[in-house]
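Engineer: protein-v6.cif is reproduced below (mmCIF, N, CA and C atoms).
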```
data_upload
loop_
_atom_site.label_atom_id
_atom_site.label_comp_id
_atom_site.auth_asym_id
_atom_site.auth_seq_id
_atom_site.Cartn_x
_atom_site.Cartn_y
_atom_site.Cartn_z
N MET A 1 103.08 87.55 116.39
CA MET A 1 104.45 87.21 116.69
C MET A 1 105.42 87.81 115.68
N VAL A 2 104.92 88.17 114.51
CA VAL A 2 105.79 88.74 113.49
C VAL A 2 106.47 90.00 114.01
N ALA A 3 105.71 90.86 114.66
CA ALA A 3 106.26 92.11 115.19
C ALA A 3 107.35 91.84 116.23
N THR A 4 107.19 90.80 117.01
CA THR A 4 108.16 90.46 118.04
C THR A 4 109.42 89.83 117.47
N LEU A 5 109.26 88.98 116.46
CA LEU A 5 110.40 88.22 115.93
C LEU A 5 111.17 88.92 114.82
N THR A 6 110.56 89.88 114.16
CA THR A 6 111.23 90.55 113.05
C THR A 6 112.41 91.37 113.56
N THR A 7 113.57 91.20 112.91
CA THR A 7 114.75 91.95 113.31
C THR A 7 114.71 93.35 112.70
N PRO A 8 115.34 94.32 113.34
CA PRO A 8 115.29 95.70 112.85
C PRO A 8 115.75 95.86 111.40
N ASP A 9 116.75 95.10 110.98
CA ASP A 9 117.24 95.24 109.61
C ASP A 9 116.30 94.68 108.55
N HIS A 10 115.27 93.94 108.96
CA HIS A 10 114.27 93.40 108.04
C HIS A 10 112.90 94.07 108.20
N GLN A 11 112.80 95.00 109.15
CA GLN A 11 111.50 95.59 109.50
C GLN A 11 110.82 96.29 108.33
N ALA A 12 111.54 97.10 107.57
CA ALA A 12 110.93 97.85 106.46
C ALA A 12 110.38 96.91 105.40
N GLU A 13 111.13 95.88 105.05
CA GLU A 13 110.67 94.92 104.03
C GLU A 13 109.46 94.14 104.52
N VAL A 14 109.47 93.73 105.78
CA VAL A 14 108.34 92.99 106.35
C VAL A 14 107.10 93.87 106.41
N ASP A 15 107.26 95.12 106.85
CA ASP A 15 106.12 96.04 106.92
C ASP A 15 105.50 96.26 105.54
N ALA A 16 106.34 96.43 104.52
CA ALA A 16 105.84 96.63 103.15
C ALA A 16 105.11 95.38 102.67
N TYR A 17 105.63 94.21 103.00
CA TYR A 17 105.00 92.95 102.59
C TYR A 17 103.63 92.79 103.26
N ILE A 18 103.53 93.15 104.52
CA ILE A 18 102.26 93.04 105.25
C ILE A 18 101.21 93.94 104.62
N VAL A 19 101.59 95.16 104.28
CA VAL A 19 100.66 96.09 103.63
C VAL A 19 100.14 95.48 102.33
N GLN A 20 101.05 94.93 101.53
CA GLN A 20 100.67 94.32 100.24
C GLN A 20 99.78 93.10 100.45
N ALA A 21 100.11 92.26 101.41
CA ALA A 21 99.35 91.03 101.65
C ALA A 21 97.95 91.32 102.17
N ARG A 22 97.80 92.37 102.96
CA ARG A 22 96.48 92.71 103.51
C ARG A 22 95.50 93.20 102.45
N LYS A 23 96.01 93.59 101.30
CA LYS A 23 95.15 94.06 100.22
C LYS A 23 94.45 92.91 99.49
N GLN A 24 94.90 91.68 99.72
CA GLN A 24 94.32 90.51 99.07
C GLN A 24 93.26 89.89 99.96
N ASN A 25 92.17 89.44 99.34
CA ASN A 25 91.18 88.71 100.14
C ASN A 25 91.59 87.24 100.22
N GLU A 26 90.89 86.48 101.03
CA GLU A 26 91.26 85.08 101.25
C GLU A 26 91.13 84.25 99.98
N ILE A 27 90.16 84.54 99.16
CA ILE A 27 89.98 83.79 97.91
C ILE A 27 91.19 84.00 96.99
N ALA A 28 91.64 85.24 96.89
CA ALA A 28 92.83 85.53 96.06
C ALA A 28 94.06 84.84 96.63
N ARG A 29 94.18 84.80 97.94
CA ARG A 29 95.34 84.17 98.58
C ARG A 29 95.34 82.65 98.40
N MET A 30 94.16 82.05 98.23
CA MET A 30 94.06 80.61 98.05
C MET A 30 94.26 80.19 96.60
N SER A 31 94.31 81.12 95.69
CA SER A 31 94.41 80.82 94.27
C SER A 31 95.65 79.98 93.97
N THR A 32 95.47 78.98 93.15
CA THR A 32 96.60 78.15 92.73
C THR A 32 97.24 78.69 91.46
N ASP A 33 96.67 79.75 90.90
CA ASP A 33 97.19 80.32 89.66
C ASP A 33 98.35 81.29 89.89
N LYS A 34 98.48 81.83 91.09
CA LYS A 34 99.54 82.81 91.33
C LYS A 34 100.71 82.18 92.07
N ALA A 35 101.86 82.79 91.91
CA ALA A 35 103.05 82.31 92.60
C ALA A 35 102.94 82.62 94.10
N LYS A 36 103.43 81.71 94.90
CA LYS A 36 103.45 81.92 96.35
C LYS A 36 104.57 82.89 96.68
N THR A 37 104.33 83.77 97.64
CA THR A 37 105.33 84.76 98.02
C THR A 37 105.55 84.73 99.52
N GLY A 38 106.69 85.26 99.94
CA GLY A 38 107.01 85.35 101.35
C GLY A 38 108.22 86.24 101.56
N VAL A 39 108.45 86.62 102.81
CA VAL A 39 109.57 87.49 103.16
C VAL A 39 110.24 86.95 104.42
N PHE A 40 111.55 86.88 104.38
CA PHE A 40 112.34 86.47 105.54
C PHE A 40 112.27 87.56 106.61
N ILE A 41 112.00 87.18 107.86
CA ILE A 41 111.84 88.18 108.92
C ILE A 41 113.13 88.44 109.70
N GLY A 42 114.19 87.72 109.35
CA GLY A 42 115.47 87.93 110.02
C GLY A 42 115.71 87.01 111.20
N ALA A 43 114.72 86.21 111.55
CA ALA A 43 114.84 85.30 112.70
C ALA A 43 114.84 83.86 112.23
N SER A 44 115.30 82.98 113.09
CA SER A 44 115.33 81.55 112.78
C SER A 44 114.81 80.75 113.97
N ALA A 45 114.32 79.56 113.67
CA ALA A 45 113.92 78.61 114.70
C ALA A 45 114.98 77.52 114.74
N HIS A 46 115.30 77.04 115.91
CA HIS A 46 116.34 76.02 116.03
C HIS A 46 115.70 74.63 116.08
N ASN A 47 116.17 73.74 115.21
CA ASN A 47 115.72 72.35 115.21
C ASN A 47 116.68 71.56 116.08
N PRO A 48 116.24 71.11 117.25
CA PRO A 48 117.16 70.41 118.17
C PRO A 48 117.59 69.03 117.67
N PHE A 49 116.86 68.45 116.75
CA PHE A 49 117.20 67.12 116.26
C PHE A 49 118.31 67.17 115.22
N THR A 50 118.29 68.18 114.36
CA THR A 50 119.33 68.31 113.33
C THR A 50 120.39 69.33 113.74
N ASN A 51 120.12 70.06 114.83
CA ASN A 51 121.00 71.11 115.32
C ASN A 51 121.21 72.22 114.28
N GLN A 52 120.20 72.44 113.46
CA GLN A 52 120.27 73.47 112.43
C GLN A 52 119.22 74.55 112.70
N ASP A 53 119.52 75.75 112.23
CA ASP A 53 118.56 76.84 112.32
C ASP A 53 117.72 76.87 111.04
N ILE A 54 116.41 77.09 111.19
CA ILE A 54 115.47 77.14 110.08
C ILE A 54 114.99 78.58 109.95
N PRO A 55 115.21 79.22 108.80
CA PRO A 55 114.77 80.61 108.65
C PRO A 55 113.25 80.73 108.72
N ILE A 56 112.76 81.81 109.32
CA ILE A 56 111.33 82.05 109.47
C ILE A 56 110.90 83.10 108.46
N TYR A 57 109.88 82.77 107.68
CA TYR A 57 109.31 83.67 106.68
C TYR A 57 107.86 83.96 107.03
N ILE A 58 107.36 85.12 106.61
CA ILE A 58 105.92 85.33 106.60
C ILE A 58 105.49 85.11 105.16
N ALA A 59 104.27 84.67 104.98
CA ALA A 59 103.79 84.36 103.64
C ALA A 59 102.30 84.68 103.53
N ASP A 60 101.87 84.98 102.31
CA ASP A 60 100.47 85.32 102.11
C ASP A 60 99.59 84.11 101.84
N TYR A 61 100.15 82.93 101.83
CA TYR A 61 99.35 81.74 101.54
C TYR A 61 99.09 80.88 102.77
N VAL A 62 99.55 81.30 103.93
CA VAL A 62 99.25 80.58 105.16
C VAL A 62 97.94 81.16 105.71
N LEU A 63 96.90 80.36 105.67
CA LEU A 63 95.57 80.83 106.06
C LEU A 63 95.12 80.15 107.34
N MET A 64 94.77 80.96 108.32
CA MET A 64 94.35 80.40 109.61
C MET A 64 93.04 79.63 109.50
N GLY A 65 92.20 79.96 108.54
CA GLY A 65 90.94 79.26 108.39
C GLY A 65 91.05 77.95 107.64
N TYR A 66 92.23 77.62 107.16
CA TYR A 66 92.43 76.40 106.38
C TYR A 66 93.23 75.41 107.20
N GLY A 67 92.64 74.32 107.57
CA GLY A 67 93.34 73.33 108.40
C GLY A 67 93.73 73.94 109.74
N THR A 68 94.97 73.77 110.11
CA THR A 68 95.45 74.31 111.38
C THR A 68 96.25 75.59 111.19
N GLY A 69 96.57 75.94 109.96
CA GLY A 69 97.43 77.08 109.72
C GLY A 69 98.90 76.70 109.73
N ALA A 70 99.21 75.46 110.07
CA ALA A 70 100.60 75.01 110.10
C ALA A 70 101.10 74.69 108.70
N ILE A 71 102.36 75.00 108.44
CA ILE A 71 102.93 74.67 107.14
C ILE A 71 104.06 73.67 107.25
N MET A 72 104.42 73.28 108.46
CA MET A 72 105.46 72.26 108.64
C MET A 72 105.01 71.33 109.75
N ALA A 73 105.11 70.06 109.51
CA ALA A 73 104.75 69.08 110.54
C ALA A 73 105.85 68.03 110.61
N VAL A 74 106.15 67.58 111.80
CA VAL A 74 107.20 66.59 111.99
C VAL A 74 106.58 65.41 112.74
N PRO A 75 106.63 64.21 112.17
CA PRO A 75 106.06 63.07 112.86
C PRO A 75 106.85 62.75 114.14
N GLY A 76 106.15 62.33 115.14
CA GLY A 76 106.81 61.95 116.39
C GLY A 76 106.55 60.49 116.69
N GLY A 77 107.58 59.75 116.82
CA GLY A 77 107.43 58.36 117.21
C GLY A 77 107.54 57.47 116.09
#
```
In C-alpha cells, how does this file's structure come out?
Structural biologist:
Amino acid sequence: MVATLTTPDHQAEVDAYIVQARKQNEIARMSTDKAKTGVFIGASAHNPFTNQDIPIYIADYVLMGYGTGAIMAVPGG
C-alpha cells in the first residue's frame, strides 16, 4: 500500500528509506538499543470520531511477524 499511498512529492524520500530499511534483518529491526525511525509518506488517514487527519508514516520497526503488525488500536464499546 505504500506505493499506492505515497504522494509524488514524498516519493524520493520514501524510496530511499525503503532501500535503507531493507538492508536490516528482523533481529536488528527489533533491537531496543537503536532509535526508531520512520518517514512521512505524504498521505493521511481521517479519524471520523475526532474529525482530524492522522499522518501516515512507514517505519522500520513495524514487523508483520510480531503480533498483528498493528501499531495503533482503538477500543470499541
Engineer: So how many Å separate atom N of Gln20 in chain A and atom N of Ala45 in chain A, to one decimal?
Structural biologist: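 These two atoms are separated by 23.7 Å.
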Engineer: Any idea what the distance is between CA of Asp33 in chain A and CA of Ala59 in chain A?
Structural biologist: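 The value is 16.0 Å.
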Engineer: Which residue out of A:Lys34, A:Ile41, A:Lys23, A:Thr50 has the minimum interatomic distance to Thr6 in chain A when all atoms listed in the file are used?
Structural biologist: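 Of A:Lys34, A:Ile41, A:Lys23, A:Thr50, the one nearest Thr6 in chain A, counting all atoms listed in the file, is A:Ile41.
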Engineer: Can you spell out as a compact mmCIF listing (two decimals) with N, CA and C atoms, in the coordinates of the input the set of residues that the PyMOL selection byres ((chain A and resi 7) around 6) selects in the structure I just provided?
Structural biologist:
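Final file, part15.txt:
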```txt
# COMPACT_ATOMS: atom_id res chain seq x y z
N LEU A 5 109.26 88.98 116.46
CA LEU A 5 110.40 88.22 115.93
C LEU A 5 111.17 88.92 114.82
N THR A 6 110.56 89.88 114.16
CA THR A 6 111.23 90.55 113.05
C THR A 6 112.41 91.37 113.56
N PRO A 8 115.34 94.32 113.34
CA PRO A 8 115.29 95.70 112.85
C PRO A 8 115.75 95.86 111.40
N ASP A 9 116.75 95.10 110.98
CA ASP A 9 117.24 95.24 109.61
C ASP A 9 116.30 94.68 108.55
N HIS A 10 115.27 93.94 108.96
CA HIS A 10 114.27 93.40 108.04
C HIS A 10 112.90 94.07 108.20
N GLN A 11 112.80 95.00 109.15
CA GLN A 11 111.50 95.59 109.50
C GLN A 11 110.82 96.29 108.33
N ILE A 41 112.00 87.18 107.86
CA ILE A 41 111.84 88.18 108.92
C ILE A 41 113.13 88.44 109.70
N GLY A 42 114.19 87.72 109.35
CA GLY A 42 115.47 87.93 110.02
C GLY A 42 115.71 87.01 111.20
N ALA A 43 114.72 86.21 111.55
CA ALA A 43 114.84 85.30 112.70
C ALA A 43 114.84 83.86 112.23
```
Engineer: Report, in Å to a single decimal, how far apart CA of Arg22 in chain A and CA of Asp53 in chain A are.
Structural biologist: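 Straight-line distance from CA of Asp53 in chain A to CA of Arg22 in chain A works out to 28.6 Å.
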Engineer: Pick out the residues sitting within 6 Å of Gly38 in chain A, and hand them over as a PyMOL selection string; count only N, CA and C atoms, and ignore anything fewer than 6 positions along from it in its own chain.
Structural biologist: chain A and resi 57-60
